[in-house]
Structure formats: C-alpha cells, structure tokens
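Worksheet: one structure, shown below.
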Amino acid sequence: MRKLLVALMLIVFNVCIVAPVFASDEYDIKDIAENRDVKMQKMITRVGFKILNANKLDKRVVFNYNTNKVVNAFALYNDKSVNVYKGLLSYCDSENEIAAVIAHEIAHQLDYYEGYSQAIAMTFMPKKYEYKADQIGVDLMVNAGYNPVAMIVVYNKSMGHLGPVTEFFATHPNGSKRMMRVYEHIYVKYPRYLVSNEYKNNMYYQNFLLTSAKNRKKLEAKLNNKDAGFVEVKYE
C-alpha cells in the first residue's frame with residue numbers, strides 16, 4: 001500500500017512540474033522573438049555611438065530600428081535621428097555592413113547640423129549629397145575601425161542598376177555609380193584595404209569586380225593620366 005501511495009505521489013509531482021515547463025518554454029520562444037528586435041536596436045545604437053565617438057563628433061544623433069520590411073534607411077532633420085529599416089538590415093551579413101549603412105546616414109546628419117538652408121539644398125540636389133555621404137561615410141568607418149569595402153558589398157546586394165531615364169527622375173544615384181565612387185575613394189585614400197582585402201573571396205565583392213570591369217578601367221585611365229587632376233570619371 002505504501003509503495004502504491006509513493007507511486008501516486010510521484011505521478012502527481014511529475015505532472016505538477018512538467019506542466020509549468022511547457023508553459024515556460026512557450027513563453028521563452030515568444031520572448032526570444034520579441035528580443036530579436038530589441039537586440040537589433042541595441043546593435044544599431046552601439047554601432048552608431050561607436051562611429052560618433054571614434055570620430056569625436058560633438059553632434060547628438062539617436063538611432064532607431066524600424067521593423068518595417070522596406071529596404072531603406074534615412075536621416076531626419078527634425079530630431080537628428082538615423083532610422084534603419086529591417087528590410088535593409090536583412091541585406092547585412094556583418095557589423096561592418098551595418099556600420100556602412102549607419103555611417104552614410106550620420107554623414108547626412110552632419111550636413112543637417114549645418115542648418116535649415118543646407119537641408120533645403122540636400123532636398124533639391126539629393127544625388128550630390130548621396131555621393132558626399134558615401135564618401136564621408138567611408139571616412140567615418142575607417143576612423144571607427146570598420147572595413148570600408150563593406151559599403152560596396154552591402155550596396156551591391158541592396159541597390160539596383162538604374163536605366164538613364166529612371167536615374168534622371170530618381171532621388172538617388174545609380175547603384176553601380178555609387179559603388180564605383182566608393183571604390184575610387186577607397187582606392188585613392190585607403191588603398192591598404194584593397195591590397196590586404198578581407199573581402200577578396202566574398203561572393204558579393206567578386207560580383208562587383210566582375211560587373212565593374214569597364215568602370216574600373218576608366219578609373220585606371222584617369223589615375224594614369226597625370227593631367228586628369230580632379231576630373232570626375234563618368235561611370236556607367
């Protein structure tokens with residue numbers, strides 16, 4: 001009788017401890033899903049402040065992660081914020097690539113801090129300021145210890161090649177031209193990243209080399225022509 005009583009108590013005890021475990025597992029799974037967005041917010045904030053501090057930028061910027069699947073990131077003049085969408089982050093495979101996105105937007109904020117007139121100029125000449133933000137973004141990345149080649153990699157995955165008519169009416173430059181401008185800036189100012197290139201075996205960087213052969217020949221011709229000076233190469 002005693003053995004039977006003990007057996008019944010063990011069965012009841014096991015039921016009591018097993019039920020909460022299943023409930024706890026369910027809660028944990030939900031909690032992990034929610035925390036994934038929290039972790040992305042923390043990552044973006046950490047990378048953003050790392051870039052600000054490494055470059056000794058005395059401008060306040062806040063960093064927001066948006067769960068919208070739109071492939072976009074933007075800087076807001078009103079609250080000096082950098083906003084990165086989940087859709088664009090899905091193209092990023094490393095912290096270097098996330099830093100490329102954020103550094104570009106911080107560069108826009110540096111222009112916004114110049115005042116309202118600068119913000120208006122950026123509205124009416126958006127392509128000019130996109131190229132500028134890419135270049136400044138590369139500088140900010142290098143100063144913060146990030147590899148600027150990552151900007152080419154993430155752009156190659158996320159930006160299309162616009163036709164002449166589409167590009168004319170677009171607010172942003174052709175993705176192929178932007179990558180070449182970034183490549184040129186790295187080639188001239190930070191060649192060490194191309195000589196000892198940790199991205200040399202990266203499939204997206206290899207694809208850039210494949211599709212930019214003609215443009216890179218144009219850059220080579222310019223660099224070999226000592227009279228070319230600061231002449232802008234017309235990339236395709």
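Labels for the structure tokens follow display order: chains A, B, ..., residues from 1 in each chain, ligands from 1.
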
Sorted by chain and rising residue number, list the residues of segment 114-223 of chain A at most 10 Å from segment 69-76 of chain A (counting only C-alpha atoms), each with its closest atom pair and distance in Å to one decimal, as a tab-separated table.
```
residue	atom	partner	partner_atom	distance
A:Ala119	CA	A:Leu76	CA	9.9
A:Ser158	CA	A:Val71	CA	7.6
A:Met159	CA	A:Val71	CA	9.3
```

I'd like the interatomic distance between atom CA of Lys50 of chain A and atom CA of Lys80 of chain A, to a tenth of an Å.
16.8 Å

If we count only C-alpha atoms, what is near segment 196-203 of chain A at a cut-off of 12 Å, once residues fewer than 6 positions away on the same chain are taken out, given as a PyMOL selection string?
chain A and resi 93-94+96-97+146-154+156-157+186-187+190+209-210

Every residue of segment 26-208 of chain A that DSSP places in alpha helix (DSSP H), as a PyMOL selection string:
chain A and resi 26-54+86-89+95-112+116-124+126-143+149-158+164-169+175-189+192-195+203-208

Could you tell me which of A:Val138, A:Ile98, A:Val61, A:Ala170 comes closest to Val182 of chain A if we count only C-alpha atoms?
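Checking each candidate against Val182 of chain A, we get A:Val138 as the closest.
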
Selected residue of minimal separation from Met179 of chain A among A:Arg36, A:Asp134, A:Gln206, A:Met122, counting only C-alpha atoms:
A:Asp134

Point-to-point distance in Å for atom CA of Arg46 of chain A and atom CA of Asp139 of chain A:
18.3 Å

For Phe63 of chain A, please output as an mmCIF file with N, CA and C atoms, in the first residue's frame all residues within 8 Å (counting only C-alpha atoms; exclusion window: fewer than 6 positions along the same chain).
```cif
data_model
loop_
_atom_site.group_PDB
_atom_site.id
_atom_site.type_symbol
_atom_site.label_atom_id
_atom_site.label_comp_id
_atom_site.auth_asym_id
_atom_site.auth_seq_id
_atom_site.Cartn_x
_atom_site.Cartn_y
_atom_site.Cartn_z
ATOM 1 N N GLN A 41 17.974 46.742 -32.141
ATOM 2 C CA GLN A 41 18.013 48.135 -31.703
ATOM 3 C C GLN A 41 19.309 48.425 -30.955
ATOM 4 N N ILE A 44 22.304 48.554 -33.439
ATOM 5 C CA ILE A 44 22.338 49.793 -34.215
ATOM 6 C C ILE A 44 22.808 50.959 -33.348
ATOM 7 N N THR A 45 22.291 51.019 -32.145
ATOM 8 C CA THR A 45 22.699 52.095 -31.235
ATOM 9 C C THR A 45 24.188 52.002 -30.914
ATOM 10 N N GLY A 48 26.284 52.938 -33.958
ATOM 11 C CA GLY A 48 26.170 54.375 -34.200
ATOM 12 C C GLY A 48 27.023 55.197 -33.255
ATOM 13 N N SER A 81 17.771 62.156 -36.088
ATOM 14 C CA SER A 81 17.776 60.710 -35.889
ATOM 15 C C SER A 81 18.223 59.985 -37.148
ATOM 16 N N VAL A 82 18.781 58.800 -36.939
ATOM 17 C CA VAL A 82 19.100 57.878 -38.022
ATOM 18 C C VAL A 82 18.148 56.697 -37.866
ATOM 19 N N ASN A 83 17.433 56.379 -38.931
ATOM 20 C CA ASN A 83 16.413 55.337 -38.887
ATOM 21 C C ASN A 83 16.754 54.236 -39.884
ATOM 22 N N VAL A 84 16.871 53.027 -39.388
ATOM 23 C CA VAL A 84 17.261 51.900 -40.233
ATOM 24 C C VAL A 84 16.139 50.868 -40.232
#
```

Interatomic distance, atom CA of Tyr155 of chain A to atom CA of Gly175 of chain A (Å, one decimal)
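These two atoms are separated by 6.9 Å.
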
Between A:Val195, A:Tyr77, A:Asn68, A:Leu140, which has the minimum distance to Ser117 of chain A (counting only C-alpha atoms)?
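Counting only C-alpha atoms, the residue closest to Ser117 of chain A is A:Tyr77.
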
Let me make sure I understand: among A:Tyr91, A:Tyr235, A:Tyr112, A:Tyr205, which one has the smallest atom-to-atom distance to Pro173 of chain A if we use only C-alpha atoms?
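Closest residue, counting only C-alpha atoms: A:Tyr235.
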
Spatial neighbours of segment 141-145 of chain A, max dist 7 Å, only C-alpha atoms, sep filter under 6 positions, as an MDAnalysis selection string
chainID A and resid 50:51 54:55 99:100 103

Just the strand (DSSP E) stuff from segment 28-183 of chain A, please, per backbone DSSP, written as a PyMOL selection string.
chain A and resi 62-66+73-76+81-85
